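Peer 1: Sharing a structure here in structure tokens format.
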Amino acid sequence: MSLKDTQGWQQWKTLSTAKVFAVLWLLTFALYFPAAKAGFVTDFTGWLDQVRNHGFWEFINRSNFQARSLYQFTQLATYLIYKSIGITPWLWHLLFVTLHVANATLIFRLCSRLLDDTNVKHSKTIAFSGVILFCVSPYISETVVWEPSFHFLQGLMIILFILICVQQFIHKGAIRYAWIAGILYFLSVFTLEAFYMTPWLVLSAGLFYRYNNKFDPKIFNRVLKLFFLPLIILFLSRLVLFRVLYGGWVSRIGTETVTSVRLDSFGKPAKYLYHLLFLGRFFTFETRQKVYGFCDSATGVLIFWGIIALFGGLIISQFSRMDGKGKVASLLFSWTLITLVLLIPLWFSNMLLVTFDRYTYFAAPFFYMVLAVLAGYISSEFIRICAIGLFALINLRYAIQVSRYWGKSARVIHGLLYNLPDAGKKTILLLNLPECLNGVPMIGSEKESEFKLMHNLLLPSKQITNNVYDVLSYNMLTPNDGAHAVVVNDSTVRVTLNQWGTWWWYEGKGAYGYENPEFKQILVDGGHFYDLILRKPADTYLLLYQVGDHWKVVDWNKKGAEQD
């Protein structure tokens, strides 16, 4: 970088891909340093059990999973990762940080060339601004920190490599790029269903260059023939293969989930844009519910998609007359929309932070790049820099908050796993396991004890052989949250949360009363307390309640008194 070149955007004129990777890696590493040992939760335990305790082919084909999918390439990749680094938290964290930064660097490479190809000045600076916003977004934490999100990192990387292959082919005409794209897409059809989007992203990229005066319009025909058509054939073949094997058309979520989509589901793209543009996830619960409710209403859906149709019509009718920034922004807008449409039949969390934020991982880089490109229309350099900088700082503030939540949740989990009291031969009842910390997933409660599974997988030298029951779990708001107990009589204990608004959960949803051969749980107040009635003598059980990162033992000799 030239020291003489100090004029605003020009200072990054010679920014290389290697420099971008280095800067983004240091930024992301520092940002998620507090969360370095987090992420080995929920789905990770199921995956770890499969890779350790089941045969290779059963693991690769996920043959014992209820949800049907064809994730063989992803399974193979994670199998090789496990064989290479085991379950060392720091190595997994460094891998995920590096994969995410690699994706951000590919975005920089792809978009800076799009800008160059339309004669936009300061293309690298604009592209760098976009990927900075991508890396400081609080909505990428789930993908970067939570190990089961590997296939989101993998899926975006494959998509970006294919788009760069299209771009390279348009520039150089070498057919090897079509072969590379075809091989990558073939592998991607055995991964996360993000491959549904790829042909349409490729088609829109071809159209972008078709109406670019710098390139021969006939190149579009070659893109159709060598890229789009083969990808569509592979896409349809994958659908047919799944149909033959499992009798449906849609993997993972099931055909019925797609066919039963209701009107309010079409409001999900608007809700995700509300998160990305206005950091909507961090508004008060009441404000969020009002916005979500409007987005899901018939009026909200009609207004949102009416605006999308208006923008779409303007892009189609005016594209050839747009300047370079307008053309690139239009392409990136279309890519954002394509990635958001895929989310319509998927789940949306309207209560907590972090949960399902990974679903925006494909839309986020294109959306933030749209903002960076549009910022280029601000004539005042000072205002332009301030606008991008302020938006980045606001995102960074909440990204730091979420990263710290991950770190705090990991410390609580560590304390509970490593400091379990000796139960002898007693049956262990865990009265209030942490479900999450402000939406950051933790342990939760399951019929087949999730705590016991996690403990035995992560601490194989300290196996629990006792019967263990996760009675209920709850949402933590701070790492010091917990519950207290009152022994009512020789067989009954009342368990009460120490704080309001944290709610009881069971099996990943709102709690309910239930019973089994060991006890009967009566949910008196779903947001505060429940009664537990033992079916066997109390001295055959070890009842533990959690406060912060440690366990406390229910003392049956202290009847009628709060044990805190």
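The chains in the structure tokens are called A, B, ... from first to last as shown; in each chain the residues are counted from 1, and the ligands are counted from 1 in the order shown.
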Arg210 in chain A: which residues within 9 Å, counting only C-alpha atoms, same-chain residues fewer than 6 positions away excluded, as a ChimeraX atom specification?

Peer 2: /A:216-221

Peer 1: Do a neighbour search on Leu346 in chain A at 10 Å with only C-alpha atoms, toss out local chain neighbours closer than 6 positions, and write the hits as a ChimeraX atom specification.

Peer 2: /A:253,257-258,261,265,268,356,359

Peer 1: Sort by chain and increasing residue number a table of all residues of range 445-527 of chain A within 10 Å of range 533-538 of chain A, each with its closest pair of atoms and their distance in Å to one decimal, counting only C-alpha atoms, and write it as a tab-separated table.

Peer 2:
residue	atom	partner	partner_atom	distance
A:Val488	CA	A:Ile533	CA	9.7
A:Asn489	CA	A:Ile533	CA	9.4
A:Asp490	CA	A:Ala538	CA	6.9
A:Ser491	CA	A:Leu534	CA	5.1
A:Thr492	CA	A:Ile533	CA	4.5
A:Val493	CA	A:Ile533	CA	6.7
A:Arg494	CA	A:Ile533	CA	8.9
A:Glu515	CA	A:Ile533	CA	9.2
A:Asn516	CA	A:Arg535	CA	8.9
A:Pro517	CA	A:Arg535	CA	7.0
A:Glu518	CA	A:Arg535	CA	5.4
A:Phe519	CA	A:Leu534	CA	4.4
A:Lys520	CA	A:Ile533	CA	5.1
A:Gln521	CA	A:Ile533	CA	6.4
A:Ile522	CA	A:Ile533	CA	8.1

Peer 1: Which one of A:Gly439, A:Val471, A:Thr502, A:Val402 sits closest to Phe451 in chain A if you count only C-alpha atoms?

Peer 2: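 Between A:Gly439, A:Val471, A:Thr502, A:Val402, the residue approaching Phe451 in chain A most closely is A:Val471.
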
Peer 1: Restricting the calculation to only C-alpha atoms: of A:Ala38, A:Leu48, A:Leu192, A:Val20, which residue gets closest to Ile413 in chain A?

Peer 2: A:Ala38

Peer 1: Determine the nearest neighbour of Thr143 in chain A from the options A:Val41, A:Ala178, A:Val97, A:Met442, counting only C-alpha atoms.

Peer 2: A:Val97

Peer 1: Any idea what's packed within 9 Å of Gly39 in chain A, counting only C-alpha atoms, ignoring anything in its chain fewer than 2 positions away? Could you give it as a PyMOL selection string?

Peer 2: chain A and resi 35-37+41-42+44+89+93+142+144-148+406+410+441-442

Peer 1: List as a ChimeraX atom specification the protein and nucleic acid residues near Ile107 in chain A, meaning an atom at most 9 Å away when only C-alpha atoms are counted, but skip any in the same chain fewer than 2 places from it.

Peer 2: /A:102-105,109-112,127,130-131,160,365-366,369

Peer 1: Within 10 Å of range 302-308 of chain A, counting only C-alpha atoms, which residues qualify if same-chain residues fewer than 6 places away don't, as a list of chain:residue names?

Peer 2: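 Within the cut-off, the hits are A:Leu263, A:Phe266, A:Gly267, A:Pro269, A:Ala270, A:Cys295, A:Asp296, A:Leu314, A:Phe333, A:Ser334, A:Leu337.
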
Peer 1: Next, dump the selected residues to file, keeping only C-alpha atoms, as an mmCIF file, in the first residue's frame.

Peer 2:
data_model
loop_
_atom_site.group_PDB
_atom_site.id
_atom_site.type_symbol
_atom_site.label_atom_id
_atom_site.label_comp_id
_atom_site.auth_asym_id
_atom_site.auth_seq_id
_atom_site.Cartn_x
_atom_site.Cartn_y
_atom_site.Cartn_z
ATOM 1 C CA LEU A 263 -49.225 -17.100 3.955
ATOM 2 C CA PHE A 266 -43.752 -15.459 3.289
ATOM 3 C CA GLY A 267 -43.036 -12.819 5.915
ATOM 4 C CA PRO A 269 -37.551 -12.815 4.459
ATOM 5 C CA ALA A 270 -38.809 -9.447 5.756
ATOM 6 C CA CYS A 295 -44.359 -9.010 8.717
ATOM 7 C CA ASP A 296 -46.431 -12.189 9.075
ATOM 8 C CA LEU A 314 -37.178 -1.372 -11.990
ATOM 9 C CA PHE A 333 -29.933 -7.608 -4.377
ATOM 10 C CA SER A 334 -31.118 -10.510 -6.528
ATOM 11 C CA LEU A 337 -33.449 -12.346 -2.423
#

Peer 1: I need the alpha helix (DSSP H) residues of range 265-476 of chain A per DSSP on the backbone, written as a PyMOL selection string.

Peer 2: chain A and resi 268-278+285-296+298-318+324-341+364-375+381-418+450-458

Peer 1: Measure the distance from CA of Asp264 in chain A to CA of Trp505 in chain A in Å and round it to one decimal.

Peer 2: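 Here the two named atoms are 25.7 Å from each other.
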
Peer 1: Could you state the separation of CA of Gly501 in chain A and CA of Leu416 in chain A in Å, given to one decimal place?

Peer 2: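 Result for CA of Gly501 in chain A versus CA of Leu416 in chain A: 22.5 Å, one decimal.
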
Peer 1: Might you pull out every residue within 8 Å of Ala423 in chain A, with only C-alpha atoms counted and same-chain residues fewer than 5 positions away left off, and present them as a list in words?

Peer 2: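 In the requested form, the answer reads Ile428, Asn466 and Leu542 of chain A.
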
Peer 1: Residues near Asn350 in chain A, anyone? I mean within 12 Å using only C-alpha atoms, not counting same-chain ones fewer than 5 positions away, as a PDB file with N, CA and C atoms, in the first residue's frame.

Peer 2:
ATOM      1  N   LYS A 268     -41.133 -14.260   6.423  1.00  0.00           N
ATOM      2  CA  LYS A 268     -39.819 -14.538   7.012  1.00  0.00           C
ATOM      3  C   LYS A 268     -38.682 -13.754   6.367  1.00  0.00           C
ATOM      4  N   LYS A 271     -38.542 -10.448   7.954  1.00  0.00           N
ATOM      5  CA  LYS A 271     -38.056 -10.489   9.333  1.00  0.00           C
ATOM      6  C   LYS A 271     -36.537 -10.615   9.377  1.00  0.00           C
ATOM      7  N   TYR A 272     -35.982 -11.410   8.476  1.00  0.00           N
ATOM      8  CA  TYR A 272     -34.522 -11.542   8.443  1.00  0.00           C
ATOM      9  C   TYR A 272     -33.859 -10.249   7.970  1.00  0.00           C
ATOM     10  N   HIS A 275     -33.661  -7.970  10.812  1.00  0.00           N
ATOM     11  CA  HIS A 275     -32.508  -8.282  11.656  1.00  0.00           C
ATOM     12  C   HIS A 275     -31.227  -7.690  11.076  1.00  0.00           C
ATOM     13  N   GLY A 280     -32.609  -6.021  14.330  1.00  0.00           N
ATOM     14  CA  GLY A 280     -33.894  -6.219  14.983  1.00  0.00           C
ATOM     15  C   GLY A 280     -33.909  -7.225  16.101  1.00  0.00           C
ATOM     16  N   ARG A 281     -33.006  -8.209  16.052  1.00  0.00           N
ATOM     17  CA  ARG A 281     -32.974  -9.224  17.100  1.00  0.00           C
ATOM     18  C   ARG A 281     -32.691  -8.608  18.475  1.00  0.00           C
ATOM     19  N   PHE A 282     -32.079  -7.417  18.493  1.00  0.00           N
ATOM     20  CA  PHE A 282     -31.638  -6.820  19.747  1.00  0.00           C
ATOM     21  C   PHE A 282     -32.595  -5.754  20.272  1.00  0.00           C
ATOM     22  N   PHE A 283     -33.734  -5.587  19.636  1.00  0.00           N
ATOM     23  CA  PHE A 283     -34.770  -4.722  20.168  1.00  0.00           C
ATOM     24  C   PHE A 283     -35.475  -5.432  21.328  1.00  0.00           C
ATOM     25  N   THR A 284     -36.308  -4.713  22.056  1.00  0.00           N
ATOM     26  CA  THR A 284     -37.032  -5.330  23.155  1.00  0.00           C
ATOM     27  C   THR A 284     -37.959  -6.425  22.620  1.00  0.00           C
ATOM     28  N   PHE A 285     -38.301  -7.349  23.496  1.00  0.00           N
ATOM     29  CA  PHE A 285     -39.175  -8.458  23.106  1.00  0.00           C
ATOM     30  C   PHE A 285     -40.487  -7.934  22.540  1.00  0.00           C
ATOM     31  N   GLU A 286     -41.061  -6.925  23.186  1.00  0.00           N
ATOM     32  CA  GLU A 286     -42.351  -6.381  22.749  1.00  0.00           C
ATOM     33  C   GLU A 286     -42.245  -5.765  21.352  1.00  0.00           C
ATOM     34  N   THR A 287     -41.156  -5.023  21.103  1.00  0.00           N
ATOM     35  CA  THR A 287     -40.971  -4.403  19.791  1.00  0.00           C
ATOM     36  C   THR A 287     -40.797  -5.469  18.715  1.00  0.00           C
ATOM     37  N   ARG A 288     -39.991  -6.469  19.020  1.00  0.00           N
ATOM     38  CA  ARG A 288     -39.782  -7.537  18.042  1.00  0.00           C
ATOM     39  C   ARG A 288     -41.096  -8.221  17.685  1.00  0.00           C
ATOM     40  N   GLN A 289     -41.901  -8.515  18.682  1.00  0.00           N
ATOM     41  CA  GLN A 289     -43.151  -9.224  18.405  1.00  0.00           C
ATOM     42  C   GLN A 289     -44.087  -8.388  17.529  1.00  0.00           C
ATOM     43  N   LYS A 290     -44.076  -7.083  17.733  1.00  0.00           N
ATOM     44  CA  LYS A 290     -44.910  -6.220  16.897  1.00  0.00           C
ATOM     45  C   LYS A 290     -44.436  -6.244  15.441  1.00  0.00           C
ATOM     46  N   VAL A 291     -43.105  -6.157  15.255  1.00  0.00           N
ATOM     47  CA  VAL A 291     -42.556  -6.182  13.892  1.00  0.00           C
ATOM     48  C   VAL A 291     -42.802  -7.538  13.246  1.00  0.00           C
ATOM     49  N   TYR A 292     -42.537  -8.616  13.986  1.00  0.00           N
ATOM     50  CA  TYR A 292     -42.764  -9.961  13.442  1.00  0.00           C
ATOM     51  C   TYR A 292     -44.229 -10.162  13.078  1.00  0.00           C
ATOM     52  N   GLY A 293     -45.105  -9.692  13.972  1.00  0.00           N
ATOM     53  CA  GLY A 293     -46.533  -9.843  13.705  1.00  0.00           C
ATOM     54  C   GLY A 293     -46.959  -9.117  12.445  1.00  0.00           C
ATOM     55  N   CYS A 295     -44.970  -8.327   9.868  1.00  0.00           N
ATOM     56  CA  CYS A 295     -44.359  -9.010   8.717  1.00  0.00           C
ATOM     57  C   CYS A 295     -45.134 -10.261   8.334  1.00  0.00           C
ATOM     58  N   ASP A 296     -45.693 -10.952   9.335  1.00  0.00           N
ATOM     59  CA  ASP A 296     -46.431 -12.189   9.075  1.00  0.00           C
ATOM     60  C   ASP A 296     -47.879 -11.948   8.663  1.00  0.00           C
ATOM     61  N   THR A 355     -30.521 -18.159  18.127  1.00  0.00           N
ATOM     62  CA  THR A 355     -31.165 -19.338  17.555  1.00  0.00           C
ATOM     63  C   THR A 355     -31.607 -19.103  16.118  1.00  0.00           C
ATOM     64  N   PHE A 356     -31.145 -19.968  15.215  1.00  0.00           N
ATOM     65  CA  PHE A 356     -31.435 -19.934  13.781  1.00  0.00           C
ATOM     66  C   PHE A 356     -30.820 -18.739  13.051  1.00  0.00           C
ATOM     67  N   ASP A 357     -29.932 -17.994  13.716  1.00  0.00           N
ATOM     68  CA  ASP A 357     -29.227 -16.931  12.993  1.00  0.00           C
ATOM     69  C   ASP A 357     -28.384 -17.501  11.863  1.00  0.00           C
ATOM     70  N   GLY A 439     -30.422 -17.220  24.461  1.00  0.00           N
ATOM     71  CA  GLY A 439     -30.528 -17.804  23.131  1.00  0.00           C
ATOM     72  C   GLY A 439     -29.315 -18.584  22.686  1.00  0.00           C
TER      73      GLY A 439
END

Peer 1: Could you check the closest approach to Tyr71 in chain A for each of A:Trp500, A:Phe59, A:Trp200, A:Phe278 and tell me which residue wins, using only C-alpha atoms?

Peer 2: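 Checking each candidate against Tyr71 in chain A, we get A:Phe59 as the closest.
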
Peer 1: Using CA of Tyr469 in chain A and CA of Leu430 in chain A as the two end points, give the distance in Å to one decimal.

Peer 2: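 Atom-to-atom, CA of Tyr469 in chain A and CA of Leu430 in chain A are spaced 6.1 Å apart.
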